[in-house]
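Novice: work_39.tsv (TSV, C-alpha atoms) pasted underneath:
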chain	number	residue	atom	x	y	z
A	1	MET	CA	-1.58	17.07	0.05
A	2	ASP	CA	-3.06	18.51	-3.14
A	3	LYS	CA	-6.80	19.04	-2.91
A	4	ALA	CA	-9.16	17.58	-5.48
A	5	LYS	CA	-12.64	18.83	-6.32
A	6	TYR	CA	-14.72	16.03	-4.80
A	7	ILE	CA	-14.73	13.26	-2.22
A	8	TRP	CA	-17.29	10.45	-2.32
A	9	MET	CA	-18.86	10.02	1.12
A	10	ASN	CA	-21.67	7.59	1.91
A	11	GLY	CA	-22.91	7.56	-1.67
A	12	GLU	CA	-22.67	11.31	-2.35
A	13	PHE	CA	-20.02	13.44	-4.03
A	14	LYS	CA	-19.11	16.30	-1.72
A	15	PRO	CA	-16.75	19.24	-2.24
A	16	TRP	CA	-13.34	18.41	-0.76
A	17	ASP	CA	-13.62	20.78	2.21
A	18	GLU	CA	-17.14	19.64	3.09
A	19	ALA	CA	-16.29	15.95	3.59
A	20	GLN	CA	-16.10	16.13	7.37
A	21	THR	CA	-16.91	14.12	10.48
A	22	HIS	CA	-17.60	14.81	14.16
A	23	VAL	CA	-14.75	15.04	16.70
A	24	LEU	CA	-16.49	12.32	18.72
A	25	SER	CA	-16.45	9.84	15.87
A	26	HIS	CA	-15.77	6.41	17.34
A	27	THR	CA	-12.71	5.62	15.21
A	28	LEU	CA	-10.91	8.77	16.38
A	29	HIS	CA	-11.02	7.42	19.93
A	30	TYR	CA	-10.67	3.66	19.54
A	31	GLY	CA	-8.86	3.18	16.23
A	32	ASN	CA	-11.14	0.74	14.41
A	33	GLY	CA	-11.21	1.64	10.74
A	34	VAL	CA	-10.08	0.08	7.48
A	35	ILE	CA	-8.29	1.62	4.52
A	36	GLU	CA	-7.06	0.83	1.05
A	37	GLY	CA	-4.42	2.32	-1.18
A	38	THR	CA	-5.17	2.15	-4.90
A	39	LYS	CA	-3.55	3.95	-7.80
A	40	ALA	CA	-4.62	5.17	-11.21
A	41	TYR	CA	-2.09	5.89	-13.95
A	42	LYS	CA	-2.44	8.09	-17.01
A	43	THR	CA	-2.10	5.74	-19.97
A	44	GLU	CA	-2.37	6.53	-23.68
A	45	ASP	CA	-6.07	5.64	-23.39
A	46	GLY	CA	-6.77	7.74	-20.31
A	47	TYR	CA	-6.60	6.94	-16.61
A	48	ALA	CA	-6.65	3.30	-15.58
A	49	ILE	CA	-6.81	1.95	-12.02
A	50	PHE	CA	-4.39	-0.87	-11.31
A	51	ARG	CA	-6.01	-4.01	-9.87
A	52	LEU	CA	-9.09	-2.11	-8.78
A	53	ASN	CA	-11.19	-5.16	-8.00
A	54	ASP	CA	-8.48	-6.73	-5.84
A	55	HIS	CA	-8.10	-3.60	-3.75
A	56	THR	CA	-11.82	-3.11	-3.25
A	57	LYS	CA	-12.27	-6.75	-2.32
A	58	ARG	CA	-9.48	-6.46	0.24
A	59	LEU	CA	-11.17	-3.41	1.78
A	60	LEU	CA	-14.35	-5.41	2.37
A	61	GLU	CA	-12.36	-8.35	3.72
A	62	SER	CA	-10.52	-6.07	6.16
A	63	ALA	CA	-13.87	-4.67	7.27
A	64	LYS	CA	-15.22	-8.16	7.88
A	65	MET	CA	-12.17	-9.04	9.97
A	66	THR	CA	-12.66	-5.96	12.16
A	67	LEU	CA	-16.46	-6.29	12.41
A	68	ILE	CA	-17.30	-3.24	10.32
A	69	THR	CA	-20.25	-3.65	7.96
A	70	ILE	CA	-19.73	-1.62	4.79
A	71	PRO	CA	-23.15	-1.19	3.11
A	72	TYR	CA	-21.79	-1.24	-0.45
A	73	SER	CA	-20.78	-4.04	-2.78
A	74	VAL	CA	-17.45	-4.42	-4.57
A	75	GLU	CA	-19.17	-3.41	-7.82
A	76	GLU	CA	-20.72	-0.28	-6.30
A	77	LEU	CA	-17.44	0.86	-4.80
A	78	ASN	CA	-15.56	0.14	-8.03
A	79	GLU	CA	-17.93	2.27	-10.07
A	80	ALA	CA	-17.83	5.05	-7.47
A	81	GLN	CA	-14.04	5.17	-7.72
A	82	LEU	CA	-14.19	5.42	-11.50
A	83	GLU	CA	-16.75	8.22	-11.28
A	84	LEU	CA	-14.62	9.99	-8.68
A	85	LEU	CA	-11.75	10.11	-11.16
A	86	ARG	CA	-14.06	11.41	-13.89
A	87	LYS	CA	-15.53	14.18	-11.75
A	88	ASN	CA	-12.18	15.37	-10.40
A	89	GLU	CA	-10.70	15.83	-13.88
A	90	PHE	CA	-7.13	15.06	-12.88
A	91	THR	CA	-4.25	15.85	-15.24
A	92	GLY	CA	-1.15	14.37	-13.57
A	93	ASP	CA	0.66	11.14	-14.41
A	94	ASN	CA	-0.86	9.25	-11.49
A	95	VAL	CA	-3.57	9.57	-8.88
A	96	TYR	CA	-3.72	7.91	-5.49
A	97	LEU	CA	-7.09	6.64	-4.31
A	98	ARG	CA	-7.90	6.10	-0.64
A	99	PRO	CA	-11.07	4.05	-0.03
A	100	PHE	CA	-11.79	3.73	3.68
A	101	ALA	CA	-14.47	3.03	6.22
A	102	PHE	CA	-14.64	4.25	9.79
A	103	LEU	CA	-17.03	4.39	12.71
A	104	GLY	CA	-18.76	7.72	13.08
A	105	TYR	CA	-20.52	9.72	15.75
A	106	GLY	CA	-23.24	8.16	17.86
A	107	VAL	CA	-21.84	5.97	20.63
A	108	MET	CA	-18.87	6.03	22.98
A	109	GLY	CA	-17.13	3.12	24.69
A	110	VAL	CA	-15.05	0.22	23.48
A	111	TYR	CA	-18.01	-1.80	22.17
A	112	HIS	CA	-18.39	-0.53	18.63
A	113	LYS	CA	-21.19	-2.36	16.86
A	114	ASN	CA	-23.78	0.37	17.41
A	115	ALA	CA	-21.60	3.07	15.88
A	116	PRO	CA	-22.62	4.20	12.38
A	117	VAL	CA	-20.34	3.14	9.54
A	118	GLN	CA	-19.01	5.89	7.29
A	119	THR	CA	-17.67	4.88	3.86
A	120	VAL	CA	-15.46	7.29	1.95
A	121	LEU	CA	-13.51	7.40	-1.30
A	122	ALA	CA	-10.88	10.12	-1.78
A	123	ALA	CA	-8.39	10.71	-4.57
A	124	TRP	CA	-5.57	13.16	-5.17
A	125	GLU	CA	-2.47	13.55	-7.30
A	126	TRP	CA	0.55	12.21	-5.44
A	127	GLY	CA	4.14	11.78	-6.58
A	128	ALA	CA	6.63	9.08	-5.63
A	129	TYR	CA	6.00	8.04	-2.02
A	130	LEU	CA	9.69	7.73	-1.17
A	131	GLY	CA	10.86	10.35	-3.64
A	132	GLU	CA	11.79	10.31	-7.32
A	133	GLU	CA	15.47	10.04	-6.39
A	134	GLY	CA	14.67	7.01	-4.27
A	135	LEU	CA	13.09	5.26	-7.26
A	136	GLN	CA	16.27	5.74	-9.25
A	137	LYS	CA	19.11	5.56	-6.74
A	138	GLY	CA	17.59	3.64	-3.84
A	139	ILE	CA	16.74	4.51	-0.25
A	140	LYS	CA	18.30	4.01	3.18
A	141	LEU	CA	16.40	1.48	5.30
A	142	LYS	CA	16.60	1.10	9.08
A	143	ILE	CA	15.49	-1.97	10.97
A	144	ALA	CA	13.23	-0.58	13.66
A	145	SER	CA	13.74	-1.23	17.36
A	146	MET	CA	10.08	-2.17	17.78
A	147	THR	CA	8.65	-5.31	16.22
A	148	ARG	CA	5.52	-6.06	14.27
A	149	PRO	CA	2.88	-7.28	16.78
A	150	ALA	CA	2.40	-11.05	16.95
A	151	ASN	CA	-0.70	-12.78	15.61
A	152	THR	CA	-1.80	-13.46	19.19
A	153	SER	CA	-2.36	-9.74	19.74
A	154	ASN	CA	-2.99	-8.23	16.33
A	155	MET	CA	-4.83	-8.77	13.04
A	156	GLY	CA	-2.01	-8.07	10.65
A	157	LYS	CA	-3.89	-9.26	7.58
A	158	ALA	CA	-6.48	-6.52	8.02
A	159	LYS	CA	-5.50	-3.18	6.51
A	160	ALA	CA	-6.75	-1.56	9.68
A	161	THR	CA	-6.00	1.95	10.84
A	162	ALA	CA	-5.01	0.78	14.33
A	163	ASN	CA	-2.16	-1.26	12.86
A	164	TYR	CA	-0.48	1.88	11.59
A	165	LEU	CA	0.44	3.27	15.00
A	166	ASN	CA	3.17	0.63	14.96
A	167	SER	CA	4.22	1.77	11.49
A	168	GLN	CA	4.17	5.45	12.45
A	169	MET	CA	6.50	4.96	15.40
A	170	ALA	CA	8.90	2.85	13.33
A	171	LYS	CA	8.91	5.36	10.47
A	172	TYR	CA	9.54	8.26	12.84
A	173	GLU	CA	12.45	6.42	14.40
A	174	ALA	CA	13.98	5.71	10.99
A	175	ILE	CA	13.71	9.29	9.75
A	176	ASP	CA	14.93	10.68	13.07
A	177	CYS	CA	18.04	8.53	12.67
A	178	GLY	CA	18.71	9.80	9.16
A	179	TYR	CA	17.08	6.99	7.15
A	180	ASP	CA	14.22	7.07	4.64
A	181	GLU	CA	12.11	4.13	5.75
A	182	ALA	CA	11.75	1.53	8.49
A	183	LEU	CA	11.73	-2.25	8.27
A	184	LEU	CA	9.95	-4.13	11.04
A	185	LEU	CA	10.84	-7.61	12.22
A	186	ASP	CA	8.30	-9.99	13.72
A	187	ASP	CA	8.35	-11.16	17.34
A	188	GLN	CA	10.74	-13.99	16.35
A	189	GLY	CA	13.28	-11.62	14.79
A	190	TYR	CA	12.45	-12.28	11.13
A	191	VAL	CA	11.43	-9.70	8.54
A	192	ALA	CA	7.74	-8.81	8.55
A	193	GLU	CA	7.37	-5.72	6.35
A	194	ALA	CA	8.32	-2.06	6.03
A	195	SER	CA	6.17	0.63	7.62
A	196	GLY	CA	3.96	0.70	4.54
A	197	ALA	CA	5.43	-1.71	2.01
A	198	CYS	CA	6.66	-5.26	1.47
A	199	PHE	CA	10.29	-6.36	1.32
A	200	PHE	CA	12.22	-8.29	-1.32
A	201	MET	CA	15.89	-9.20	-1.44
A	202	VAL	CA	17.91	-10.69	-4.28
A	203	LYS	CA	20.58	-13.30	-3.62
A	204	ASP	CA	22.42	-15.29	-6.30
A	205	GLY	CA	19.84	-14.29	-8.91
A	206	LYS	CA	16.86	-15.43	-6.83
A	207	LEU	CA	14.17	-13.23	-5.32
A	208	ILE	CA	13.32	-13.85	-1.68
A	209	SER	CA	10.35	-12.34	0.16
A	210	PRO	CA	8.98	-13.23	3.59
A	211	PRO	CA	5.63	-14.99	4.00
A	212	ASN	CA	2.62	-12.94	5.11
A	213	ASP	CA	2.41	-14.74	8.43
A	214	ASN	CA	1.52	-11.62	10.37
A	215	SER	CA	1.53	-8.92	7.73
A	216	LEU	CA	-0.76	-7.62	5.03
A	217	GLU	CA	-1.15	-9.76	1.92
A	218	SER	CA	0.16	-7.22	-0.54
A	219	ILE	CA	-1.36	-6.89	-4.00
A	220	THR	CA	1.80	-5.30	-5.39
A	221	GLN	CA	3.89	-8.06	-3.83
A	222	LYS	CA	1.75	-10.67	-5.61
A	223	THR	CA	2.16	-8.76	-8.85
A	224	VAL	CA	5.96	-8.65	-8.52
A	225	ILE	CA	6.08	-12.38	-7.80
A	226	GLU	CA	4.00	-13.12	-10.89
A	227	VAL	CA	6.04	-10.79	-13.09
A	228	ALA	CA	9.38	-12.09	-11.81
A	229	GLN	CA	8.37	-15.69	-12.41
A	230	ASP	CA	7.17	-14.82	-15.90
A	231	MET	CA	10.60	-13.28	-16.51
A	232	GLY	CA	12.24	-16.54	-15.50
A	233	TYR	CA	13.40	-15.67	-11.98
A	234	GLU	CA	12.99	-18.07	-9.12
A	235	VAL	CA	10.96	-16.55	-6.27
A	236	ILE	CA	11.29	-18.00	-2.78
A	237	ARG	CA	8.91	-17.23	0.07
A	238	ARG	CA	10.63	-17.88	3.39
A	239	ARG	CA	11.64	-16.20	6.61
A	240	ILE	CA	14.52	-13.72	6.36
A	241	SER	CA	16.85	-12.77	9.20
A	242	ARG	CA	18.40	-9.34	9.53
A	243	GLU	CA	21.91	-10.71	8.89
A	244	GLU	CA	20.85	-12.05	5.49
A	245	ILE	CA	19.70	-8.61	4.42
A	246	TYR	CA	23.11	-7.11	5.13
A	247	VAL	CA	24.76	-9.44	2.60
A	248	ALA	CA	22.01	-9.39	-0.04
A	249	ASP	CA	22.96	-8.61	-3.63
A	250	GLU	CA	19.96	-6.30	-4.05
A	251	ALA	CA	16.88	-5.28	-2.10
A	252	PHE	CA	13.69	-3.36	-2.84
A	253	LEU	CA	10.29	-2.46	-1.41
A	254	THR	CA	6.94	-2.93	-3.08
A	255	GLY	CA	3.56	-1.33	-2.50
A	256	THR	CA	0.88	0.76	-4.17
A	257	ALA	CA	2.49	3.97	-2.92
A	258	ALA	CA	6.10	2.72	-2.84
A	259	GLU	CA	5.71	1.03	-6.25
A	260	ILE	CA	9.14	-0.61	-6.77
A	261	THR	CA	11.64	1.30	-4.61
A	262	PRO	CA	15.26	0.07	-4.52
A	263	VAL	CA	17.12	-0.19	-1.21
A	264	ARG	CA	20.80	0.82	-1.27
A	265	ASN	CA	21.61	0.83	2.44
A	266	VAL	CA	20.32	-1.08	5.47
A	267	ASP	CA	21.54	-0.18	8.96
A	268	ALA	CA	24.65	1.49	7.48
A	269	ARG	CA	25.48	-1.62	5.42
A	270	ILE	CA	25.77	-0.97	1.69
A	271	ILE	CA	23.55	-3.37	-0.27
A	272	GLY	CA	25.21	-4.72	-3.40
A	273	ALA	CA	26.81	-1.88	-5.33
A	274	GLY	CA	24.99	0.73	-3.26
A	275	CYS	CA	22.51	1.63	-6.00
A	276	ARG	CA	19.55	0.16	-7.85
A	277	GLY	CA	20.50	-3.37	-8.83
A	278	PRO	CA	20.03	-4.83	-12.34
A	279	ILE	CA	17.24	-7.26	-11.39
A	280	THR	CA	15.45	-4.58	-9.40
A	281	GLU	CA	15.70	-2.23	-12.38
A	282	LYS	CA	14.22	-4.83	-14.75
A	283	ILE	CA	11.29	-5.53	-12.43
A	284	GLN	CA	10.74	-1.83	-11.79
A	285	SER	CA	10.77	-1.03	-15.50
A	286	THR	CA	8.34	-3.87	-16.24
A	287	TYR	CA	6.04	-2.79	-13.42
A	288	PHE	CA	5.81	0.76	-14.76
A	289	ASP	CA	5.15	-0.57	-18.25
A	290	ILE	CA	2.26	-2.59	-16.80
A	291	VAL	CA	0.60	0.18	-14.79
A	292	PHE	CA	0.96	2.72	-17.61
A	293	GLY	CA	-0.69	0.30	-20.05
A	294	ARG	CA	2.40	-0.42	-22.13
A	295	ASN	CA	2.41	-4.19	-21.59
A	296	GLU	CA	-0.40	-6.07	-23.32
A	297	LYS	CA	0.13	-9.25	-21.32
A	298	TYR	CA	-1.01	-7.62	-18.08
A	299	LYS	CA	-3.68	-5.23	-19.37
A	300	HIS	CA	-6.33	-7.32	-17.63
A	301	TYR	CA	-5.15	-5.70	-14.39
A	302	LEU	CA	-6.20	-2.26	-15.59
A	303	THR	CA	-9.69	-0.76	-15.29
A	304	TYR	CA	-10.07	2.25	-17.57
A	305	ILE	CA	-12.37	5.12	-16.77
Take the structure in this file and express it as structure tokens.
Specialist:
Amino acid sequence: MDKAKYIWMNGEFKPWDEAQTHVLSHTLHYGNGVIEGTKAYKTEDGYAIFRLNDHTKRLLESAKMTLITIPYSVEELNEAQLELLRKNEFTGDNVYLRPFAFLGYGVMGVYHKNAPVQTVLAAWEWGAYLGEEGLQKGIKLKIASMTRPANTSNMGKAKATANYLNSQMAKYEAIDCGYDEALLLDDQGYVAEASGACFFMVKDGKLISPPNDNSLESITQKTVIEVAQDMGYEVIRRRISREEIYVADEAFLTGTAAEITPVRNVDARIIGAGCRGPITEKIQSTYFDIVFGRNEKYKHYLTYI
């Protein structure tokens, strides 16, 4: 990870190495914290954060779900993120922002409401999450042996830190087996999401993506659906079985970090022609035009610093 100059912590800008917490912070022991992933791109008019308000709003909603009270408004956190970009004086093509809230030092035990809430905003320059080659040629995807926890035992719509233990184990399994990323099924055997991204497949010219029954409601996924429909493609939200993926014409992942990453191989089955498909390429190209400020129609999604 490349260091930046400053991290915003509880209303103050601190030097990167001084933004620290105690080893007995509650979240380290019991896993209750919430995060966001937001991205700023270097446009012709300077850095612009993509769908800033949506991401910040989702952070506060995740916190409400997990009974964490963040003492800042959407507007305050939005402005703090913009100022963080200004103060860090980044120069790269894109910057990843990580707003998060966790429970700090003060109490121990499972009951968490008396633990102090720490709110932090970090940002750093970060390249393609699944590699530049993956963006162009596609990645290998493995369906994980473990499933996404059911709604009866998990809050999948919260972007909560505890949820990512499941993702970590699935991702490790995939990489250990020679793949790039993991895809998790739900407890009924249908596609839920990748370890940190949403899934789309293309069949007979139609885009198909699973519902967010027990997974995060993805902002990038919503963007892709809107863009695809505007381009004239039919988008279907329904459950997807693993067998359907194997015979898909194209497949790709979406997410703030993953952006639009093509999938060329799933469980040793070649998807389509074994490379980035034509519909995937069109959507990917349009997405990058949007986030880099080259598409006037979607400029309302950009917040310039």
Novice: With all atoms listed in the file as the basis for distance, which of A:Tyr304, A:Ile219, A:Thr56, A:Ile283 is at the shortest distance from Arg86 of chain A?
Specialist: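 Checking each candidate against Arg86 of chain A, we get A:Tyr304 as the closest.
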Novice: Counting all atoms listed in the file, figure out which residue out of A:Gly138, A:Gly178, A:Gly156, A:Gly232 gets nearest to Glu281 of chain A.
Specialist: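 Of A:Gly138, A:Gly178, A:Gly156, A:Gly232, the one nearest Glu281 of chain A, counting all atoms listed in the file, is A:Gly138.
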Novice: Have a look at A:Ala122, A:Leu216, A:Ile49, A:Ile7 and name the one nearest to Leu302 of chain A; count all atoms listed in the file.
Specialist: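 With all atoms listed in the file as the atom set, the closest residue is A:Ile49.
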Novice: Using all atoms listed in the file, which of the listed residues (A:Ala160, A:Ile175, A:Met108, A:Ala192) sits closest to Thr147 of chain A?
Specialist: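 Looking at the shortest contact to Thr147 of chain A, the residue is A:Ala192.
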Novice: Would you list the contacts of Ser145 of chain A as a list in words, taking every protein, DNA or RNA residue within 10 Å and counting all atoms listed in the file, but skipping same-chain residues closer than 4 positions in sequence?
Specialist: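 Here the qualifying residues turn out to be Met169, Ala170, Glu173, Ala174, Ala182, Leu183, Leu184 and Leu185 of chain A.
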Novice: Mind giving me the straight-line distance from atom CA of Ser195 of chain A to atom CA of Arg238 of chain A in Å, one decimal?
Specialist: 19.5 Å
Novice: Counting only C-alpha atoms, select every polymer residue within 10 Å of (-20.7, -1.2, -3.3) as defined in the file's coordinates, and provide the selection as a list of chain:residue names.
Specialist: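 Those within range, by chain then number, are A:Gly11, A:Thr56, A:Leu60, A:Ile70, A:Pro71, A:Tyr72, A:Ser73, A:Val74, A:Glu75, A:Glu76, A:Leu77, A:Asn78, A:Glu79, A:Ala80, A:Thr119.
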Novice: Compare A:Glu181, A:Asn88, A:Val202, A:Asn214 by their minimum atom-to-atom distance to Ala150 of chain A, counting only C-alpha atoms, and give me the closest one.
Specialist: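 Between A:Glu181, A:Asn88, A:Val202, A:Asn214, the residue approaching Ala150 of chain A most closely is A:Asn214.
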Novice: Taking all atoms listed in the file into account, name the residue in A:Gln136, A:Asn166, A:Gln118, A:Gln221 that is nearest to Ala19 of chain A.
Specialist: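 Selected residue with least distance to Ala19 of chain A: A:Gln118.
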Novice: Could you tell me how far atom CA of Phe200 of chain A sits from atom CA of Ile290 of chain A, in Å to one decimal place?
Specialist: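 A separation of 19.3 Å between them.
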Novice: When you draw a straight line from atom CA of Ala63 of chain A to atom CA of Val34 of chain A, how long is it in Å?
Specialist: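 We find that atom CA of Ala63 of chain A and atom CA of Val34 of chain A lie 6.1 Å from each other.
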Novice: Do you know which residues are at most 12 Å from Thr286 of chain A counting only C-alpha atoms, after dropping those on the same chain fewer than 3 positions away, and could you put them as a CSV table (one decimal) with C-alpha atoms, keeping the file's coordinate frame?
Specialist:
chain,number,residue,atom,x,y,z
A,223,THR,CA,2.2,-8.8,-8.8
A,224,VAL,CA,6.0,-8.6,-8.5
A,226,GLU,CA,4.0,-13.1,-10.9
A,227,VAL,CA,6.0,-10.8,-13.1
A,228,ALA,CA,9.4,-12.1,-11.8
A,230,ASP,CA,7.2,-14.8,-15.9
A,231,MET,CA,10.6,-13.3,-16.5
A,259,GLU,CA,5.7,1.0,-6.2
A,260,ILE,CA,9.1,-0.6,-6.8
A,279,ILE,CA,17.2,-7.3,-11.4
A,280,THR,CA,15.4,-4.6,-9.4
A,281,GLU,CA,15.7,-2.2,-12.4
A,282,LYS,CA,14.2,-4.8,-14.8
A,283,ILE,CA,11.3,-5.5,-12.4
A,289,ASP,CA,5.2,-0.6,-18.2
A,290,ILE,CA,2.3,-2.6,-16.8
A,291,VAL,CA,0.6,0.2,-14.8
A,292,PHE,CA,1.0,2.7,-17.6
A,293,GLY,CA,-0.7,0.3,-20.0
A,294,ARG,CA,2.4,-0.4,-22.1
A,295,ASN,CA,2.4,-4.2,-21.6
A,296,GLU,CA,-0.4,-6.1,-23.3
A,297,LYS,CA,0.1,-9.2,-21.3
A,298,TYR,CA,-1.0,-7.6,-18.1
Novice: Please identify all polymer residues lying at most 8 Å from the point (21.6, 8.4, 0.1) (file coordinates), using all atoms listed in the file, and present the result as a PDB file with C-alpha atoms, in the coordinates of the input.
Specialist:
ATOM      1  CA  LYS A 137      19.110   5.560  -6.740  1.00  0.00           C
ATOM      2  CA  GLY A 138      17.590   3.640  -3.840  1.00  0.00           C
ATOM      3  CA  ILE A 139      16.740   4.510  -0.250  1.00  0.00           C
ATOM      4  CA  LYS A 140      18.300   4.010   3.180  1.00  0.00           C
ATOM      5  CA  ARG A 264      20.800   0.820  -1.270  1.00  0.00           C
ATOM      6  CA  ASN A 265      21.610   0.830   2.440  1.00  0.00           C
TER       7      ASN A 265
END
Novice: Name all residues at most 12 Å from Ile305 of chain A (count all atoms listed in the file; drop same-chain ones fewer than 2 positions away) and give them as a PDB file with C-alpha atoms, in the frame of the given file.
Specialist:
ATOM      1  CA  ALA A  40      -4.620   5.170 -11.210  1.00  0.00           C
ATOM      2  CA  TYR A  41      -2.090   5.890 -13.950  1.00  0.00           C
ATOM      3  CA  LYS A  42      -2.440   8.090 -17.010  1.00  0.00           C
ATOM      4  CA  THR A  43      -2.100   5.740 -19.970  1.00  0.00           C
ATOM      5  CA  ASP A  45      -6.070   5.640 -23.390  1.00  0.00           C
ATOM      6  CA  GLY A  46      -6.770   7.740 -20.310  1.00  0.00           C
ATOM      7  CA  TYR A  47      -6.600   6.940 -16.610  1.00  0.00           C
ATOM      8  CA  ALA A  48      -6.650   3.300 -15.580  1.00  0.00           C
ATOM      9  CA  ILE A  49      -6.810   1.950 -12.020  1.00  0.00           C
ATOM     10  CA  PHE A  50      -4.390  -0.870 -11.310  1.00  0.00           C
ATOM     11  CA  LEU A  52      -9.090  -2.110  -8.780  1.00  0.00           C
ATOM     12  CA  ASN A  78     -15.560   0.140  -8.030  1.00  0.00           C
ATOM     13  CA  GLU A  79     -17.930   2.270 -10.070  1.00  0.00           C
ATOM     14  CA  ALA A  80     -17.830   5.050  -7.470  1.00  0.00           C
ATOM     15  CA  GLN A  81     -14.040   5.170  -7.720  1.00  0.00           C
ATOM     16  CA  LEU A  82     -14.190   5.420 -11.500  1.00  0.00           C
ATOM     17  CA  GLU A  83     -16.750   8.220 -11.280  1.00  0.00           C
ATOM     18  CA  LEU A  84     -14.620   9.990  -8.680  1.00  0.00           C
ATOM     19  CA  LEU A  85     -11.750  10.110 -11.160  1.00  0.00           C
ATOM     20  CA  ARG A  86     -14.060  11.410 -13.890  1.00  0.00           C
ATOM     21  CA  LYS A  87     -15.530  14.180 -11.750  1.00  0.00           C
ATOM     22  CA  GLU A  89     -10.700  15.830 -13.880  1.00  0.00           C
ATOM     23  CA  PHE A  90      -7.130  15.060 -12.880  1.00  0.00           C
ATOM     24  CA  LEU A 302      -6.200  -2.260 -15.590  1.00  0.00           C
ATOM     25  CA  THR A 303      -9.690  -0.760 -15.290  1.00  0.00           C
TER      26      THR A 303
END
